[in-house]
file start_8.cif (mmCIF, C-alpha atoms and all ligand atoms)
data_target
loop_
_atom_site.label_atom_id
_atom_site.label_comp_id
_atom_site.auth_asym_id
_atom_site.auth_seq_id
_atom_site.Cartn_x
_atom_site.Cartn_y
_atom_site.Cartn_z
CA MET D 1 3.85 -10.68 -19.71
CA GLN D 2 0.52 -8.89 -19.22
CA ARG D 3 -1.07 -9.05 -15.78
CA ILE D 4 -4.64 -8.70 -14.62
CA ALA D 5 -6.19 -8.66 -11.17
CA ILE D 6 -8.93 -11.20 -10.46
CA ALA D 7 -11.18 -11.85 -7.47
CA PRO D 8 -10.42 -15.17 -5.69
CA SER D 9 -14.01 -16.28 -6.45
CA GLN D 10 -13.27 -16.19 -10.20
CA LEU D 11 -10.94 -19.15 -9.83
CA GLN D 12 -12.96 -22.36 -10.17
CA GLN D 13 -11.61 -25.86 -10.81
CA GLY D 14 -8.47 -24.71 -12.57
CA GLN D 15 -10.35 -22.14 -14.65
CA ILE D 16 -10.56 -18.40 -14.36
CA LEU D 17 -14.07 -17.20 -15.12
CA LEU D 18 -13.39 -13.83 -16.73
CA THR D 19 -15.77 -10.90 -16.32
CA PRO D 20 -16.97 -9.09 -19.49
CA GLN D 21 -14.61 -6.20 -18.62
CA GLN D 22 -11.64 -8.56 -18.32
CA GLN D 23 -12.59 -10.29 -21.60
CA HIS D 24 -12.69 -6.87 -23.25
CA TYR D 25 -9.39 -5.82 -21.70
CA LEU D 26 -7.55 -9.03 -22.64
CA GLY D 27 -9.10 -9.41 -26.10
CA ARG D 28 -9.62 -5.85 -27.33
CA VAL D 29 -7.14 -3.76 -25.38
CA LEU D 30 -4.22 -6.20 -25.04
CA ARG D 31 -5.19 -8.11 -28.22
CA LEU D 32 -4.59 -11.53 -26.68
CA ARG D 33 -6.05 -14.55 -28.51
CA THR D 34 -6.91 -18.08 -27.44
CA GLY D 35 -3.69 -19.81 -26.42
CA ASP D 36 -1.93 -16.57 -25.35
CA ARG D 37 -0.63 -16.45 -21.80
CA PHE D 38 -0.99 -13.83 -19.09
CA ILE D 39 -0.61 -13.52 -15.33
CA ALA D 40 -3.64 -13.48 -13.03
CA MET D 41 -3.19 -11.96 -9.55
CA ASP D 42 -5.75 -12.28 -6.78
CA GLY D 43 -4.49 -9.19 -4.93
CA MET D 44 -3.82 -11.31 -1.84
CA GLY D 45 -0.37 -12.55 -2.70
CA GLN D 46 -1.14 -15.32 -5.18
CA TRP D 47 -0.21 -15.21 -8.88
CA TRP D 48 -0.99 -17.77 -11.59
CA LEU D 49 0.26 -18.24 -15.11
CA ALA D 50 -2.90 -18.53 -17.21
CA GLN D 51 -3.81 -19.21 -20.82
CA LEU D 52 -6.72 -17.58 -22.59
CA GLU D 53 -9.33 -20.12 -23.75
CA GLY D 54 -12.25 -18.36 -25.45
CA ASP D 55 -14.14 -16.29 -22.89
CA ASN D 56 -12.33 -17.84 -19.92
CA ALA D 57 -8.79 -18.85 -19.04
CA GLN D 58 -7.03 -22.03 -18.01
CA VAL D 59 -4.68 -21.91 -15.00
CA LEU D 60 -1.33 -23.38 -16.04
CA GLU D 61 0.64 -23.07 -12.80
CA PRO D 62 0.98 -20.97 -9.65
CA MET D 63 3.84 -18.44 -9.73
CA VAL D 64 6.28 -17.52 -6.98
CA VAL D 65 6.71 -13.78 -6.53
CA GLN D 66 9.05 -12.09 -4.11
CA THR D 67 8.15 -8.45 -4.39
CA GLU D 68 6.49 -8.05 -1.00
CA LEU D 69 8.10 -6.66 2.16
CA ARG D 70 8.88 -8.73 5.25
CA ALA D 71 6.58 -6.59 7.36
CA THR D 72 3.08 -5.22 6.95
CA ILE D 73 3.22 -1.45 6.74
CA THR D 74 0.12 0.56 7.52
CA LEU D 75 0.04 4.28 6.72
CA ILE D 76 -2.46 6.42 8.58
CA LEU D 77 -2.74 9.54 6.44
CA ALA D 78 -4.62 12.72 7.16
CA LEU D 79 -6.34 13.61 3.91
CA PRO D 80 -4.56 16.41 2.04
CA LYS D 81 -6.17 18.99 -0.26
CA GLY D 82 -7.62 18.31 -3.72
CA ASN D 83 -6.55 15.23 -5.68
CA THR D 84 -3.05 15.00 -4.22
CA PHE D 85 -4.02 11.85 -2.33
CA ASP D 86 -4.09 10.01 -5.68
CA ASP D 87 -0.32 10.49 -5.99
CA VAL D 88 0.26 9.37 -2.42
CA VAL D 89 -1.72 6.15 -3.01
CA ARG D 90 0.17 5.47 -6.26
CA CYS D 91 3.68 6.11 -4.87
CA CYS D 92 3.10 4.31 -1.57
CA THR D 93 1.71 1.28 -3.41
CA GLU D 94 4.86 1.17 -5.56
CA LEU D 95 6.95 1.34 -2.39
CA GLY D 96 5.18 -1.62 -0.77
CA VAL D 97 2.55 -0.31 1.64
CA ALA D 98 0.00 -2.93 2.77
CA ILE D 99 -2.77 -0.78 4.22
CA ILE D 100 -3.63 2.88 3.75
CA ALA D 101 -5.98 4.34 6.33
CA PRO D 102 -7.15 7.83 5.25
CA VAL D 103 -8.23 9.86 8.25
CA MET D 104 -10.02 13.11 8.91
CA SER D 105 -7.98 15.05 11.44
CA GLU D 106 -8.85 18.30 13.21
CA ARG D 107 -7.11 20.30 10.47
CA THR D 108 -8.29 18.25 7.51
CA LEU D 109 -9.99 20.64 5.12
CA LEU D 110 -12.17 18.32 3.07
CA LYS D 111 -14.39 15.34 3.71
CA PRO D 112 -13.91 12.98 0.74
CA SER D 113 -16.83 12.05 -1.50
CA PRO D 114 -17.86 8.35 -1.47
CA GLN D 115 -16.49 7.90 -5.03
CA LYS D 116 -13.01 8.75 -3.83
CA LEU D 117 -12.47 5.43 -2.07
CA GLU D 118 -13.30 3.52 -5.26
CA ARG D 119 -10.94 5.76 -7.21
CA TRP D 120 -8.08 5.19 -4.72
CA GLN D 121 -8.67 1.42 -4.80
CA ARG D 122 -8.44 1.50 -8.59
CA ILE D 123 -5.24 3.54 -8.45
CA ALA D 124 -3.77 1.09 -5.92
CA GLN D 125 -4.67 -1.86 -8.14
CA GLU D 126 -3.05 -0.27 -11.22
CA ALA D 127 0.06 0.71 -9.26
CA ALA D 128 0.35 -2.80 -7.78
CA GLU D 129 0.18 -4.31 -11.27
CA GLN D 130 2.70 -1.82 -12.63
CA SER D 131 5.21 -2.44 -9.84
CA GLU D 132 4.76 -6.23 -10.09
CA ARG D 133 3.48 -6.60 -6.57
CA SER D 134 1.62 -9.74 -5.63
CA PHE D 135 -0.59 -7.89 -3.18
CA VAL D 136 -2.93 -4.96 -3.81
CA PRO D 137 -2.90 -2.67 -0.76
CA THR D 138 -6.13 -2.23 1.13
CA ILE D 139 -7.50 1.32 1.25
CA LEU D 140 -9.75 1.66 4.26
CA GLU D 141 -12.84 3.86 4.51
CA PRO D 142 -11.89 7.30 5.82
CA VAL D 143 -12.54 7.58 9.57
CA SER D 144 -11.66 10.13 12.25
CA PHE D 145 -8.06 10.06 13.45
CA SER D 146 -9.04 8.91 16.94
CA THR D 147 -10.96 5.95 15.46
CA ALA D 148 -7.91 4.88 13.45
CA LEU D 149 -5.66 4.73 16.50
CA SER D 150 -5.10 1.28 17.90
CA SER D 151 -2.49 0.03 20.29
CA ALA D 152 -2.44 -3.52 18.97
CA ASN D 153 0.64 -3.23 16.75
CA ASP D 154 4.34 -3.86 17.21
CA GLN D 155 5.75 -0.52 16.16
CA GLN D 156 3.73 2.67 15.77
CA TYR D 157 5.10 6.08 14.84
CA ILE D 158 3.54 9.51 14.38
CA CYS D 159 5.51 11.93 12.18
CA VAL D 160 5.73 15.37 13.74
CA ALA D 161 7.26 18.15 11.66
CA ARG D 162 8.67 20.30 14.47
CA GLY D 163 10.28 19.67 17.84
CA ASN D 164 12.99 17.33 18.98
CA SER D 165 11.62 13.93 18.08
CA PRO D 166 14.22 11.31 17.14
CA HIS D 167 14.61 10.40 13.48
CA LEU D 168 12.35 7.59 12.25
CA ARG D 169 15.36 5.67 10.98
CA ASP D 170 16.90 5.59 14.46
CA CYS D 171 13.65 4.40 16.01
CA LEU D 172 12.87 1.39 13.85
CA GLN D 173 13.29 -1.54 16.20
CA ASP D 174 14.61 -4.99 15.48
CA ILE D 175 14.37 -4.61 11.73
CA GLY D 176 17.19 -7.13 11.41
CA GLN D 177 15.21 -9.64 13.44
CA ILE D 178 12.18 -9.48 11.16
CA THR D 179 12.51 -12.69 9.24
CA ASN D 180 10.47 -13.60 6.22
CA ASP D 181 7.34 -14.38 8.23
CA ASN D 182 4.86 -13.36 5.55
CA GLY D 183 4.47 -9.85 6.81
CA GLN D 184 3.33 -10.87 10.27
CA ARG D 185 5.03 -7.87 11.85
CA THR D 186 3.18 -4.60 11.55
CA ILE D 187 4.70 -1.15 11.39
CA VAL D 188 2.24 1.74 11.56
CA ILE D 189 3.16 5.29 10.53
CA ALA D 190 0.85 8.32 10.84
CA VAL D 191 1.37 11.46 8.76
CA GLY D 192 -0.55 14.70 9.32
CA PRO D 193 -2.31 17.21 7.04
CA GLU D 194 -0.96 20.47 5.57
CA GLY D 195 -1.68 22.29 8.82
CA GLY D 196 -0.02 19.56 10.89
CA TRP D 197 -1.41 17.54 13.82
CA THR D 198 -2.86 19.38 16.79
CA GLN D 199 -1.15 18.93 20.15
CA LYS D 200 -4.20 16.97 21.31
CA GLU D 201 -3.92 14.55 18.39
CA VAL D 202 -0.24 13.95 19.11
CA GLU D 203 -1.08 13.28 22.76
CA CYS D 204 -3.89 10.85 21.81
CA ALA D 205 -1.46 9.00 19.56
CA THR D 206 1.27 8.75 22.18
CA ASP D 207 -1.33 7.56 24.71
CA ALA D 208 -2.20 4.80 22.21
CA GLY D 209 1.46 3.74 22.05
CA PHE D 210 2.71 5.80 19.11
CA GLN D 211 6.21 7.23 19.26
CA THR D 212 6.76 10.74 17.83
CA VAL D 213 9.40 10.76 15.07
CA SER D 214 11.10 13.23 12.74
CA LEU D 215 11.74 12.75 9.04
CA GLY D 216 14.62 15.23 9.01
CA ARG D 217 15.16 18.94 9.51
CA ARG D 218 13.08 20.25 6.63
CA ILE D 219 9.29 20.62 6.64
CA LEU D 220 7.92 18.24 4.01
CA ARG D 221 4.61 18.67 2.26
CA ALA D 222 1.82 16.38 3.43
CA VAL D 223 2.13 14.43 0.15
CA THR D 224 5.92 14.10 0.38
CA ALA D 225 6.14 13.03 4.03
CA PRO D 226 4.47 9.56 3.68
CA ILE D 227 6.69 8.76 0.69
CA VAL D 228 9.80 9.71 2.64
CA ALA D 229 8.67 7.77 5.73
CA LEU D 230 7.91 4.68 3.71
CA SER D 231 11.19 4.90 1.79
CA ILE D 232 13.12 4.96 5.06
CA VAL D 233 11.34 1.84 6.37
CA VAL D 234 11.63 -0.01 3.07
CA ALA D 235 15.36 0.80 2.77
CA GLU D 236 15.91 -0.68 6.23
CA LEU D 237 13.74 -3.75 5.58
CA GLU D 238 15.53 -4.51 2.32
CA SER D 239 19.03 -3.62 3.47
CA GLU D 240 21.73 -6.10 2.55
CA LYS D 241 23.20 -5.58 6.01
CA PHE D 242 20.51 -7.95 7.31
CA GLY D 243 21.54 -11.33 6.02
CA ASN D 244 18.01 -12.70 6.35
CA TYR D 245 16.62 -10.43 3.62
CA LYS D 246 17.17 -12.93 0.84
N1 LIG P 1 2.13 23.15 9.09
C1 LIG P 1 2.91 22.20 9.84
C2 LIG P 1 3.96 22.90 10.65
O1 LIG P 1 4.30 24.03 10.29
O2 LIG P 1 4.45 22.30 11.61
C3 LIG P 1 3.62 21.25 8.88
C4 LIG P 1 2.76 20.14 8.44
S1 LIG P 1 3.54 19.15 7.21
C5 LIG P 1 3.24 20.12 5.80
C6 LIG P 1 2.41 17.82 7.04
C7 LIG P 1 2.75 16.59 7.81
O3 LIG P 1 3.90 15.98 7.25
C8 LIG P 1 3.08 16.77 9.27
O4 LIG P 1 1.92 16.76 10.08
C9 LIG P 1 3.96 15.56 9.59
O5 LIG P 1 3.19 14.42 9.86
C10 LIG P 1 4.68 15.36 8.26
N2 LIG P 1 6.00 15.99 8.21
C11 LIG P 1 6.43 16.95 7.35
N3 LIG P 1 7.72 17.21 7.56
C12 LIG P 1 8.13 16.43 8.57
C13 LIG P 1 9.38 16.24 9.22
N4 LIG P 1 10.46 16.92 8.91
N5 LIG P 1 9.42 15.32 10.22
C14 LIG P 1 8.34 14.61 10.57
N6 LIG P 1 7.13 14.74 9.97
C15 LIG P 1 7.04 15.63 8.99
#
call {"tool": "encode", "arguments": {"input": "start_8.cif", "output": "structure tokens"}}
result
Amino acid sequence: MQRIAIAPSQLQQGQILLTPQQQHYLGRVLRLRTGDRFIAMDGMGQWWLAQLEGDNAQVLEPMVVQTELRATITLILALPKGNTFDDVVRCCTELGVAIIAPVMSERTLLKPSPQKLERWQRIAQEAAEQSERSFVPTILEPVSFSTALSSANDQQYICVARGNSPHLRDCLQDIGQITNDNGQRTIVIAVGPEGGWTQKEVECATDAGFQTVSLGRRILRAVTAPIVALSIVVAELESEKFGNYK
């Protein structure tokens, strides 16, 4: 069934007040007619089965979706070159990330243009729809790396390409104890730019409570590393070995 993202404010008294763009998309692009059904998602975890009624839609019933992870995963990502961040946003959304925090690090080459954030949000929305997620990840405004550091989270890791850091998989704590508490637990992972983090940045992160981790013995590209890191966390969170997953 076709899905569209709506803003929570569009839902009023059992009706979805469609924007002209949504009317065009449903009517002209998807060729739905009055009486046809589709899924409306508010990007905050709620889905509804809806029926097109002229220019608006009638909510038929709320839907239960179970495509979200048991923990909130935040990726702090130093911005890589060119448009490669688009792919990172798309893949990490498919994998289940909740928040992407793009950061300018000491070795970041480019400062993104203001249109980039809008573009990434659109990519995240499309990827969330495609992968049947009930939640569209939040893409934060790019800030400096030091501004993005916070010590308020349960588990925080900074990926460092060289040295003797333990493997991320061996560091994830209490994954089995994370019950389905609506993503209350937060896991934060920071990945550096092409040139890597500076020593000072790694020290700032460890001072803020981040643990340095390895993603294996090979040096991964800045666009590959977040996908690998996220895959490791997701595989652990969804492992059958933890009976509480289902
Ligand atoms: N130029 C850097 C160097 O030679 O050390 C490599 C940077 S790597 C291309 C970009 C980022 O990906 C790193 O800052 C790190 O966060 C992450 N990364 C890549 N490979 C990694 C690995 N094997 N373990 C942990 N992090 C890795």
call {"tool": "closest_atom_pairs", "arguments": {"input": "start_8.cif", "of": "chain D", "to": "ligand LIG 1 (chain P)", "cutoff": "8 Å", "atoms": "all atoms listed in the file", "output": "CSV"}}
result
residue,atom,partner,partner_atom,distance
D:Ile158,CA,P:LIG1,O5,6.7
D:Cys159,CA,P:LIG1,N6,3.9
D:Val160,CA,P:LIG1,N6,4.1
D:Ala161,CA,P:LIG1,C12,3.6
D:Arg162,CA,P:LIG1,O2,5.5
D:His167,CA,P:LIG1,N5,7.9
D:Ala190,CA,P:LIG1,O5,6.6
D:Val191,CA,P:LIG1,O5,3.6
D:Gly192,CA,P:LIG1,O4,3.3
D:Pro193,CA,P:LIG1,C6,4.8
D:Glu194,CA,P:LIG1,C5,4.2
D:Gly195,CA,P:LIG1,N1,3.9
D:Gly196,CA,P:LIG1,O4,3.5
D:Trp197,CA,P:LIG1,O4,5.1
D:Val213,CA,P:LIG1,C14,6.0
D:Ser214,CA,P:LIG1,N5,3.7
D:Leu215,CA,P:LIG1,N5,3.7
D:Gly216,CA,P:LIG1,N4,4.5
D:Arg217,CA,P:LIG1,N4,5.2
D:Arg218,CA,P:LIG1,N4,4.8
D:Ile219,CA,P:LIG1,N3,3.9
D:Leu220,CA,P:LIG1,N3,3.7
D:Arg221,CA,P:LIG1,C5,4.1
D:Ala222,CA,P:LIG1,C6,3.9
D:Val223,CA,P:LIG1,O3,7.5
D:Thr224,CA,P:LIG1,O3,7.4
D:Ala225,CA,P:LIG1,O3,4.9
D:Pro226,CA,P:LIG1,O3,7.4
call {"tool": "atom_distance", "arguments": {"input": "start_8.cif", "atom1": "CA of Gln156 in chain D", "atom2": "CA of Phe210 in chain D"}}
result
4.7 Å
call {"tool": "residues_around", "arguments": {"input": "start_8.cif", "residues": "Arg3 in chain D", "least_positions_apart": "2", "cutoff": "7 Å", "atoms": "only C-alpha atoms", "output": "list of chain:residue names"}}
result
D:Met1, D:Ala5, D:Phe38, D:Ile39, D:Ala40, D:Glu129
call {"tool": "closest_residue", "arguments": {"input": "start_8.cif", "among": "D:Ser231, D:Thr72, D:Thr138, D:Gln121", "to": "Arg185 in chain D", "atoms": "only C-alpha atoms"}}
result
D:Thr72
call {"tool": "atom_distance", "arguments": {"input": "start_8.cif", "atom1": "CA of Trp120 in chain D", "atom2": "CA of Thr93 in chain D"}}
result
10.6 Å
call {"tool": "residues_around", "arguments": {"input": "start_8.cif", "residues": "range 46-54 of chain D", "least_positions_apart": "5", "cutoff": "7 Å", "atoms": "only C-alpha atoms", "output": "list in words"}}
result
Arg33, Thr34, Gly35, Asp36, Arg37, Phe38, Ile39, Ala40, Met41, Val59, Leu60, Glu61, Pro62, Met63 and Ser134 of chain D
